[in-house]
>>> print(open('input.cif').read())   # mmCIF, C-alpha atoms
data_work
#
loop_
_atom_site.label_atom_id
_atom_site.label_comp_id
_atom_site.auth_asym_id
_atom_site.auth_seq_id
_atom_site.Cartn_x
_atom_site.Cartn_y
_atom_site.Cartn_z
CA MET A 1394 -44.05 0.25 16.88
CA THR A 1395 -42.49 2.82 14.57
CA THR A 1396 -40.38 5.88 15.35
CA PRO A 1397 -41.33 9.15 13.59
CA LEU A 1398 -38.70 10.07 11.02
CA ARG A 1399 -38.16 13.53 12.49
CA ASP A 1400 -37.12 12.03 15.82
CA LEU A 1401 -34.35 9.79 14.51
CA SER A 1402 -30.84 10.64 15.65
CA ILE A 1403 -27.73 8.87 14.41
CA LEU A 1404 -24.14 8.86 15.61
CA LEU A 1405 -21.44 8.04 13.05
CA ALA A 1406 -18.07 6.78 14.28
CA PRO A 1407 -15.52 6.41 11.45
CA ALA A 1408 -11.91 5.46 12.17
CA SER A 1409 -9.39 8.29 11.96
CA GLY A 1410 -5.91 9.11 13.12
CA PRO A 1411 -2.32 8.00 12.47
CA GLY A 1412 -2.05 5.19 9.95
CA VAL A 1413 -5.73 5.43 9.00
CA GLY A 1414 -6.75 6.72 5.59
CA GLY A 1415 -9.33 9.47 5.25
CA GLY A 1416 -11.76 7.24 3.35
CA HIS A 1417 -13.60 6.11 6.50
CA VAL A 1418 -14.51 9.69 7.40
CA ILE A 1419 -15.37 10.67 3.84
CA ARG A 1420 -17.75 7.80 3.21
CA CYS A 1421 -19.45 8.36 6.58
CA LEU A 1422 -19.90 12.02 5.65
CA THR A 1423 -21.51 10.90 2.41
CA LEU A 1424 -23.90 8.62 4.28
CA ALA A 1425 -24.64 11.32 6.87
CA GLU A 1426 -25.69 13.73 4.14
CA ALA A 1427 -28.06 11.14 2.70
CA LEU A 1428 -29.48 10.45 6.17
CA ALA A 1429 -29.86 14.17 6.88
CA ALA A 1430 -31.75 14.57 3.59
CA ARG A 1431 -34.24 12.07 5.04
CA GLY A 1432 -34.74 14.13 8.17
CA CYS A 1433 -32.30 12.39 10.50
CA GLU A 1434 -30.16 14.30 12.98
CA CYS A 1435 -26.55 13.15 12.52
CA ARG A 1436 -23.53 13.61 14.76
CA PHE A 1437 -19.95 12.35 14.53
CA ALA A 1438 -17.74 10.76 17.17
CA VAL A 1439 -14.14 11.11 15.93
CA THR A 1440 -10.60 11.78 17.06
CA SER A 1441 -9.02 15.19 16.56
CA ALA A 1442 -7.67 13.92 13.21
CA GLY A 1443 -11.20 13.04 12.12
CA GLU A 1444 -12.45 16.40 13.30
CA ASP A 1445 -9.83 18.10 11.12
CA LEU A 1446 -10.98 16.11 8.08
CA ILE A 1447 -14.61 17.02 8.65
CA ALA A 1448 -13.65 20.67 9.05
CA ARG A 1449 -11.75 20.47 5.76
CA PHE A 1450 -14.52 18.88 3.70
CA ARG A 1451 -17.85 19.59 5.47
CA PRO A 1452 -17.32 22.50 7.89
CA ASP A 1453 -20.19 23.28 10.26
CA CYS A 1454 -22.46 20.58 8.82
CA PHE A 1455 -22.60 18.12 11.72
CA PRO A 1456 -22.03 18.34 15.48
CA ILE A 1457 -18.89 16.52 16.63
CA LEU A 1458 -18.07 14.56 19.77
CA ARG A 1459 -14.29 14.43 20.02
CA LEU A 1460 -12.84 11.10 21.12
CA ASP A 1461 -9.98 12.14 23.36
CA PRO A 1462 -8.55 9.66 24.15
CA PRO A 1463 -9.61 7.59 21.09
CA ASP A 1464 -10.86 4.67 23.23
CA ARG A 1465 -13.66 6.84 24.62
CA LEU A 1466 -16.12 5.67 21.95
CA ALA A 1467 -18.30 3.57 24.27
CA GLN A 1468 -18.72 6.50 26.63
CA ALA A 1469 -19.51 8.85 23.75
CA VAL A 1470 -22.17 6.49 22.38
CA ALA A 1471 -23.78 6.15 25.80
CA GLN A 1472 -23.82 9.92 26.33
CA ALA A 1473 -25.13 10.71 22.84
CA GLY A 1474 -28.44 8.95 23.40
CA CYS A 1475 -28.93 8.25 19.70
CA ASP A 1476 -31.32 5.85 17.99
CA GLY A 1477 -28.72 4.53 15.57
CA LEU A 1478 -24.98 4.03 15.42
CA VAL A 1479 -22.84 3.74 12.28
CA VAL A 1480 -19.33 2.33 12.75
CA ASP A 1481 -16.65 2.23 10.05
CA ASN A 1482 -13.56 0.88 11.76
CA TYR A 1483 -11.53 -2.21 10.91
CA ALA A 1484 -10.33 -2.40 14.54
CA LEU A 1485 -13.82 -3.11 15.85
CA ASP A 1486 -15.28 -6.63 15.90
CA ALA A 1487 -18.49 -8.29 17.08
CA GLU A 1488 -17.55 -8.05 20.76
CA ALA A 1489 -16.89 -4.31 20.57
CA GLU A 1490 -20.00 -3.71 18.44
CA ALA A 1491 -22.14 -5.61 20.94
CA ARG A 1492 -20.97 -3.34 23.76
CA LEU A 1493 -21.61 -0.23 21.71
CA GLY A 1494 -25.00 -1.52 20.61
CA GLN A 1495 -26.30 -1.64 24.17
CA ALA A 1496 -26.81 2.13 24.09
CA VAL A 1497 -28.67 2.36 20.74
CA ARG A 1498 -31.58 0.72 18.97
CA ARG A 1499 -29.78 -0.24 15.75
CA VAL A 1500 -26.16 -0.64 14.66
CA MET A 1501 -24.91 -0.30 11.10
CA VAL A 1502 -21.41 -1.48 10.18
CA ILE A 1503 -19.51 -0.37 7.07
CA ASP A 1504 -16.93 -2.97 6.06
CA ASP A 1505 -15.18 -4.00 2.86
CA LEU A 1506 -12.94 -6.76 4.16
CA ALA A 1507 -15.37 -9.50 5.24
CA ASP A 1508 -12.67 -10.86 7.53
CA ARG A 1509 -14.27 -10.71 11.00
CA ARG A 1510 -17.55 -11.27 12.81
CA HIS A 1511 -20.04 -8.45 13.40
CA MET A 1512 -22.84 -7.83 15.85
CA ALA A 1513 -24.93 -5.48 13.75
CA ASP A 1514 -28.41 -4.99 12.40
CA LEU A 1515 -27.14 -3.86 9.00
CA VAL A 1516 -23.82 -4.46 7.24
CA LEU A 1517 -22.78 -2.46 4.17
CA ASP A 1518 -19.96 -3.87 2.06
CA PRO A 1519 -19.55 -2.24 -1.38
CA GLY A 1520 -16.77 -4.60 -2.46
CA TYR A 1521 -16.65 -5.74 -6.06
CA GLY A 1522 -18.19 -9.18 -6.40
CA ARG A 1523 -19.34 -9.15 -2.78
CA THR A 1524 -22.70 -10.80 -2.03
CA PRO A 1525 -24.72 -11.16 1.19
CA ASP A 1526 -23.53 -14.78 1.40
CA ALA A 1527 -20.14 -13.50 2.64
CA TYR A 1528 -21.80 -12.44 5.89
CA VAL A 1529 -24.10 -15.39 6.60
CA ARG A 1530 -21.71 -16.57 9.32
CA LEU A 1531 -19.93 -13.30 9.99
CA ALA A 1532 -23.09 -11.29 10.74
CA PRO A 1533 -25.96 -13.73 11.35
CA GLY A 1534 -29.37 -12.10 11.21
CA ALA A 1535 -28.11 -8.80 9.79
CA VAL A 1536 -29.48 -7.10 6.71
CA VAL A 1537 -26.57 -7.09 4.25
CA LEU A 1538 -26.13 -4.52 1.48
CA ALA A 1539 -23.38 -5.85 -0.75
CA GLY A 1540 -21.67 -4.82 -3.97
CA PRO A 1541 -20.90 -1.55 -5.80
CA ASP A 1542 -24.61 -0.64 -5.90
CA TYR A 1543 -24.03 0.42 -2.30
CA ALA A 1544 -20.75 2.29 -2.73
CA LEU A 1545 -20.94 5.54 -0.76
CA VAL A 1546 -20.17 8.07 -3.47
CA ARG A 1547 -20.68 11.79 -2.91
CA PRO A 1548 -23.49 13.44 -4.94
CA ALA A 1549 -21.01 15.74 -6.69
CA PHE A 1550 -19.69 12.79 -8.69
CA ARG A 1551 -23.13 11.63 -9.73
CA GLU A 1552 -23.91 15.19 -10.86
CA ARG A 1553 -20.86 15.00 -13.18
CA ARG A 1554 -21.88 11.63 -14.59
CA PRO A 1555 -22.22 11.81 -18.40
CA ALA A 1556 -25.08 10.23 -20.29
CA SER A 1557 -22.61 7.78 -21.81
CA ALA A 1558 -18.88 7.13 -21.83
CA SER A 1559 -16.70 9.05 -24.27
CA CYS A 1560 -13.02 9.15 -25.09
CA ARG A 1561 -10.57 11.39 -26.95
CA ASP A 1562 -7.92 9.94 -29.23
CA LYS A 1563 -5.20 10.84 -26.73
CA ALA A 1564 -5.20 11.19 -22.95
CA LEU A 1565 -4.18 14.85 -22.96
CA ARG A 1566 -5.30 15.57 -19.40
CA ILE A 1567 -4.44 13.12 -16.62
CA MET A 1568 -5.60 13.40 -13.02
CA VAL A 1569 -3.19 12.26 -10.30
CA SER A 1570 -4.98 11.73 -7.00
CA PHE A 1571 -4.16 9.50 -4.05
CA GLY A 1572 -6.74 10.92 -1.70
CA LEU A 1573 -5.45 12.03 1.67
CA ALA A 1574 -2.59 9.54 1.72
CA ASP A 1575 0.82 9.90 0.10
CA PRO A 1576 2.87 6.88 1.21
CA GLY A 1577 6.43 6.89 -0.07
CA GLU A 1578 5.69 10.16 -1.89
CA ILE A 1579 3.73 8.17 -4.43
CA ALA A 1580 2.15 11.32 -5.89
CA ARG A 1581 5.58 12.69 -6.77
CA ARG A 1582 6.75 9.35 -8.16
CA ALA A 1583 3.64 9.02 -10.31
CA VAL A 1584 4.06 12.53 -11.71
CA VAL A 1585 7.69 11.89 -12.63
CA LEU A 1586 6.72 8.68 -14.44
CA LEU A 1587 3.86 10.38 -16.25
CA LEU A 1588 6.02 13.28 -17.41
CA ALA A 1589 8.37 10.73 -18.99
CA HIS A 1590 5.77 8.40 -20.51
CA ALA A 1591 2.97 10.86 -21.36
CA PRO A 1592 4.91 14.00 -22.34
CA GLU A 1593 1.97 15.61 -24.16
CA ALA A 1594 -0.40 15.44 -21.19
CA VAL A 1595 -1.27 18.11 -18.63
CA LEU A 1596 -1.28 16.61 -15.14
CA ASP A 1597 -3.93 17.76 -12.66
CA VAL A 1598 -2.38 16.76 -9.34
CA VAL A 1599 -4.89 16.75 -6.48
CA LEU A 1600 -3.04 16.73 -3.17
CA ALA A 1601 -3.51 17.41 0.53
CA SER A 1602 -1.54 20.44 1.66
CA ASP A 1603 0.31 18.36 4.25
CA ALA A 1604 1.25 15.54 1.85
CA PRO A 1605 4.98 14.65 1.79
CA SER A 1606 5.03 15.11 -1.99
CA ARG A 1607 3.93 18.72 -1.83
CA PRO A 1608 7.32 20.52 -1.65
CA ALA A 1609 8.81 18.62 -4.58
CA LEU A 1610 5.65 18.91 -6.67
CA ALA A 1611 5.33 22.63 -5.95
CA ARG A 1612 8.86 23.14 -7.27
CA LEU A 1613 8.08 21.00 -10.29
CA ALA A 1614 4.85 22.89 -11.03
CA ALA A 1615 6.75 26.17 -10.92
CA GLN A 1616 9.17 24.87 -13.57
CA ASP A 1617 6.88 22.81 -15.81
CA HIS A 1618 3.52 24.09 -17.10
CA ARG A 1619 2.36 20.50 -17.59
CA VAL A 1620 2.03 20.06 -13.81
CA GLN A 1621 -1.04 21.77 -12.30
CA LEU A 1622 -1.14 21.46 -8.50
CA HIS A 1623 -4.49 21.55 -6.66
CA LEU A 1624 -4.29 21.61 -2.85
CA ASP A 1625 -7.12 20.65 -0.48
CA VAL A 1626 -9.67 20.74 -3.29
CA ALA A 1627 -13.30 20.41 -2.23
CA ASP A 1628 -14.75 19.83 -5.71
CA VAL A 1629 -12.63 16.91 -6.89
CA ALA A 1630 -15.46 15.83 -9.18
CA ALA A 1631 -15.07 18.94 -11.34
CA ILE A 1632 -11.40 18.17 -11.97
CA MET A 1633 -12.15 14.52 -12.60
CA ALA A 1634 -14.84 15.34 -15.15
CA ARG A 1635 -12.43 17.25 -17.41
CA CYS A 1636 -9.72 14.58 -17.44
CA ASP A 1637 -9.15 11.71 -19.85
CA LEU A 1638 -7.45 9.36 -17.39
CA CYS A 1639 -6.77 9.08 -13.68
CA VAL A 1640 -3.82 7.66 -11.80
CA GLY A 1641 -4.86 7.07 -8.22
CA ALA A 1642 -5.17 4.80 -5.22
CA GLY A 1643 -7.24 1.68 -4.99
CA GLY A 1644 -9.57 2.64 -2.14
CA SER A 1645 -13.13 3.93 -2.27
CA SER A 1646 -12.12 6.51 -4.89
CA VAL A 1647 -12.34 3.75 -7.53
CA TRP A 1648 -16.11 4.08 -7.29
CA GLU A 1649 -15.98 7.85 -7.77
CA ARG A 1650 -14.04 7.37 -10.99
CA ALA A 1651 -16.44 4.65 -12.11
CA VAL A 1652 -19.44 6.92 -11.60
CA VAL A 1653 -18.06 9.65 -13.87
CA GLY A 1654 -16.70 7.15 -16.42
CA LEU A 1655 -13.03 8.01 -15.99
CA PRO A 1656 -10.58 5.26 -17.00
CA SER A 1657 -7.96 4.70 -14.35
CA LEU A 1658 -4.61 3.23 -13.51
CA VAL A 1659 -5.05 2.07 -9.94
CA VAL A 1660 -1.93 2.09 -7.78
CA VAL A 1661 -2.17 -0.21 -4.77
CA VAL A 1662 -0.78 1.78 -1.83
CA ALA A 1663 -2.21 -0.33 1.04
CA ASP A 1664 -2.65 -4.04 1.62
CA ASN A 1665 -6.44 -3.79 1.91
CA GLN A 1666 -6.63 -2.33 -1.61
CA ARG A 1667 -4.83 -5.19 -3.34
CA ASP A 1668 -7.62 -7.74 -3.82
CA LEU A 1669 -10.08 -5.15 -5.10
CA ALA A 1670 -7.57 -3.72 -7.59
CA ARG A 1671 -6.61 -7.15 -8.86
CA GLN A 1672 -10.20 -8.21 -9.38
CA LEU A 1673 -11.20 -4.99 -11.11
CA SER A 1674 -8.11 -5.07 -13.32
CA SER A 1675 -8.61 -8.72 -14.22
CA ASP A 1676 -12.16 -7.98 -15.36
CA GLY A 1677 -11.21 -4.92 -17.38
CA TYR A 1678 -12.52 -2.14 -15.13
CA CYS A 1679 -9.10 -0.55 -14.60
CA ALA A 1680 -5.37 -1.07 -15.05
CA MET A 1681 -3.16 -1.54 -11.99
CA ALA A 1682 0.34 -1.38 -10.53
CA ASP A 1683 1.36 -2.41 -7.02
CA LEU A 1684 3.57 -0.01 -5.08
CA ALA A 1685 4.82 -2.89 -2.91
CA ASP A 1686 6.29 -4.81 -5.85
CA ALA A 1687 9.97 -4.49 -6.72
CA ASP A 1688 9.10 -3.87 -10.38
CA PHE A 1689 6.50 -1.19 -9.61
CA GLU A 1690 7.84 1.33 -12.12
CA ALA A 1691 7.88 -1.28 -14.90
CA GLN A 1692 4.31 -2.27 -14.02
CA PHE A 1693 3.26 1.38 -14.02
CA SER A 1694 4.82 2.07 -17.41
CA ALA A 1695 3.32 -1.06 -18.98
CA ALA A 1696 -0.13 -0.30 -17.60
CA LEU A 1697 0.03 3.27 -18.86
CA GLU A 1698 1.10 2.07 -22.30
CA GLY A 1699 -1.84 -0.33 -22.35
CA LEU A 1700 -4.24 2.56 -21.74
CA LYS A 1701 -3.07 4.65 -24.69
CA PRO A 1702 -5.40 3.16 -27.36
CA PRO A 1703 -8.69 5.11 -27.19
CA HIS A 1704 -10.83 2.00 -27.65
CA VAL A 1705 -9.28 0.49 -24.51
CA ARG A 1706 -10.12 3.55 -22.44
CA LEU A 1707 -13.62 3.80 -23.91
CA THR A 1708 -14.42 0.16 -23.17
CA MET A 1709 -13.07 0.55 -19.64
CA ALA A 1710 -15.08 3.72 -18.97
CA ASP A 1711 -18.27 2.19 -20.28
CA ALA A 1712 -17.85 -0.92 -18.15
CA ALA A 1713 -17.03 1.11 -15.02
CA MET A 1714 -20.11 3.29 -15.43
CA ALA A 1715 -22.28 0.19 -15.66
CA LEU A 1716 -20.68 -1.19 -12.49
CA CYS A 1717 -21.46 1.75 -10.20
CA ASP A 1718 -24.18 4.39 -10.61
CA GLY A 1719 -23.39 6.49 -7.54
CA LEU A 1720 -26.71 6.00 -5.72
CA GLY A 1721 -25.33 3.77 -2.97
CA ALA A 1722 -25.61 6.35 -0.18
CA GLU A 1723 -29.30 6.87 -0.91
CA ARG A 1724 -29.96 3.14 -0.92
CA ALA A 1725 -28.04 2.64 2.32
CA ALA A 1726 -29.78 5.56 4.04
CA ASP A 1727 -33.20 4.24 3.04
CA ALA A 1728 -32.35 0.79 4.40
CA PHE A 1729 -31.08 2.11 7.73
CA VAL A 1730 -34.00 4.46 8.21
CA THR A 1731 -36.39 1.58 7.53
CA LEU A 1732 -34.68 -0.49 10.23
CA LEU A 1733 -34.72 2.39 12.70
CA ARG A 1734 -38.42 2.97 12.17
CA THR A 1735 -39.26 -0.68 12.76
#
>>> encode(input="input.cif", output="structure tokens")
Amino acid sequence: MTTPLRDLSILLAPASGPGVGGGHVIRCLTLAEALAARGCECRFAVTSAGEDLIARFRPDCFPILRLDPPDRLAQAVAQAGCDGLVVDNYALDAEAEARLGQAVRRVMVIDDLADRRHMADLVLDPGYGRTPDAYVRLAPGAVVLAGPDYALVRPAFRERRPASASCRDKALRIMVSFGLADPGEIARRAVVLLLAHAPEAVLDVVLASDAPSRPALARLAAQDHRVQLHLDVADVAAIMARCDLCVGAGGSSVWERAVVGLPSLVVVVADNQRDLARQLSSDGYCAMADLADADFEAQFSAALEGLKPPHVRLTMADAAMALCDGLGAERAADAFVTLLRT
């Protein structure tokens, strides 16, 4: 028996709130747009913090069920009466997913850690080097979409993707972007280091308006024309496309930079970013520095110096473009819709 496409309804439940990066919400928004383009009706179940993020980046696009208190997810799923559920939350495991799955026909889990069991019909893990074998025991019986081919990258980045990688002799425009997080005022620290080690470059600093670095960077931008501050920018892809290099975090934004062919110095700002950054750096897809290391500033400076030769940046950009084409959301949406219609 199949379900008509027009009747499919999907609830997406990304993690959000204190101590949780905005990447869960953003990649679920990307998937929701791909699902909506296929005729699905999508809703979100999020905390007030998640609701604020959706309002900032996709206002009035999807209905929202607010989780207040946050542990109300099971009740929200039961009340929603949806065909499918998408969960993107490291705090949920197989036991929790099984309870949630009682109220829907199919469950999709987004994960990039491969460190716990799942009770799901479909698992999406865009991790570099990840294969379905990683989930044979963790998610028995599930369809597994693994590797950067399934990275959930917003269409705006794919639209800015060049036909081939290119590179100027000098990195005269550098993007500084740590997403919605700014631990230890890393945006400010990165800008100070770049002003010292890349004095000729203009720095496009993309920052959330509530980031701790904002006051200091606003003062710096007022004094130094090399610092261009961009607050709560919706079209990050446009800024990225005009830059020669990016300094940013090691989360899902690495795939955005790969899609547009932008060489990057990845700064590890969270423990769950470390393995990915190390693997990508080791294989030549980026340079890296780890904020948790005592010699972070020395690492940063050495990595930046290593990116100065144009042939290094060109090779890196070309390899990154080949690694991720930006069509992951479409592939994932097709796979989930197929399961829901079965």
>>> residues_near_point(input="input.cif", point="(-6.2, 1.9, -18.7)", cutoff="6 Å", atoms="all atoms listed in the file", output="MDAnalysis selection string")
chainID A and resid 1656:1658 1679:1680 1700 1706
>>> write_last_selection(input="input.cif", atoms="C-alpha atoms", output="PDB file, keeping the file's coordinate frame")
ATOM      1  CA  PRO A1656     -10.580   5.260 -17.000  1.00  0.00           C
ATOM      2  CA  SER A1657      -7.960   4.700 -14.350  1.00  0.00           C
ATOM      3  CA  LEU A1658      -4.610   3.230 -13.510  1.00  0.00           C
ATOM      4  CA  CYS A1679      -9.100  -0.550 -14.600  1.00  0.00           C
ATOM      5  CA  ALA A1680      -5.370  -1.070 -15.050  1.00  0.00           C
ATOM      6  CA  LEU A1700      -4.240   2.560 -21.740  1.00  0.00           C
ATOM      7  CA  ARG A1706     -10.120   3.550 -22.440  1.00  0.00           C
TER       8      ARG A1706
END
>>> closest_residue(input="input.cif", among="A:Val1537, A:Ala1682, A:Val1529, A:Val1659", to="A:Asp1514", atoms="all atoms listed in the file")
A:Val1537
>>> closest_atom_pairs(input="input.cif", of="stretch 1537-1558 of chain A", to="stretch 1626-1644 of chain A", cutoff="8 Å", atoms="only C-alpha atoms", output="JSON lines")
{"residue": "A:Ala1549", "atom": "CA", "partner": "A:Ala1630", "partner_atom": "CA", "distance": 6.1}
{"residue": "A:Phe1550", "atom": "CA", "partner": "A:Ala1630", "partner_atom": "CA", "distance": 5.2}
{"residue": "A:Arg1553", "atom": "CA", "partner": "A:Ala1634", "partner_atom": "CA", "distance": 6.3}
{"residue": "A:Arg1554", "atom": "CA", "partner": "A:Ala1634", "partner_atom": "CA", "distance": 8.0}
>>> closest_atom_pairs(input="input.cif", of="stretch 1400-1451 of chain A", to="stretch 1542-1548 of chain A", cutoff="10 Å", atoms="all atoms listed in the file", output="JSON lines")
{"residue": "A:Ile1419", "atom": "CA", "partner": "A:Arg1547", "partner_atom": "CA", "distance": 8.7}
{"residue": "A:Arg1420", "atom": "CA", "partner": "A:Leu1545", "partner_atom": "CA", "distance": 5.6}
{"residue": "A:Cys1421", "atom": "CA", "partner": "A:Leu1545", "partner_atom": "CA", "distance": 8.0}
{"residue": "A:Leu1422", "atom": "CA", "partner": "A:Arg1547", "partner_atom": "CA", "distance": 8.6}
{"residue": "A:Thr1423", "atom": "CA", "partner": "A:Arg1547", "partner_atom": "CA", "distance": 5.5}
{"residue": "A:Leu1424", "atom": "CA", "partner": "A:Leu1545", "partner_atom": "CA", "distance": 6.6}
{"residue": "A:Glu1426", "atom": "CA", "partner": "A:Arg1547", "partner_atom": "CA", "distance": 8.9}
{"residue": "A:Ala1427", "atom": "CA", "partner": "A:Pro1548", "partner_atom": "CA", "distance": 9.2}
>>> axis_aligned_box(input="input.cif", around="stretch 1603-1622 of chain A", padding_each_side="5 Å", output="JSON")
{"center_x": 4.0, "center_y": 20.4, "center_z": -6.7, "size_x": 20.3, "size_y": 21.5, "size_z": 31.8}
>>> residues_around(input="input.cif", residues="A:Asp1683", least_positions_apart="5", cutoff="9 Å", atoms="only C-alpha atoms", output="list in words")
Val1659, Val1660, Val1661, Val1662, Arg1667, Asp1688, Phe1689, Gln1692 and Phe1693 of chain A
>>> atom_distance(input="input.cif", atom1="atom CA of A:Ala1601", atom2="atom CA of A:Ala1574")
8.0 Å
>>> atom_distance(input="input.cif", atom1="atom CA of A:Ala1614", atom2="atom CA of A:Glu1578")
15.7 Å
>>> atom_distance(input="input.cif", atom1="atom CA of A:Ser1441", atom2="atom CA of A:Ala1604")
17.9 Å
>>> residues_near_point(input="input.cif", point="(-17.2, 9.0, -23.0)", cutoff="8 Å", atoms="only C-alpha atoms", output="PyMOL selection string")
chain A and resi 1555+1557-1560+1654+1707+1710-1711
>>> closest_residue(input="input.cif", among="A:Asp1526, A:Leu1515, A:Val1653, A:Glu1698", to="A:Ala1591", atoms="only C-alpha atoms")
A:Glu1698
>>> closest_residue(input="input.cif", among="A:Ala1532, A:Ala1691, A:Ala1513, A:Ala1580", to="A:Val1500", atoms="only C-alpha atoms")
A:Ala1513
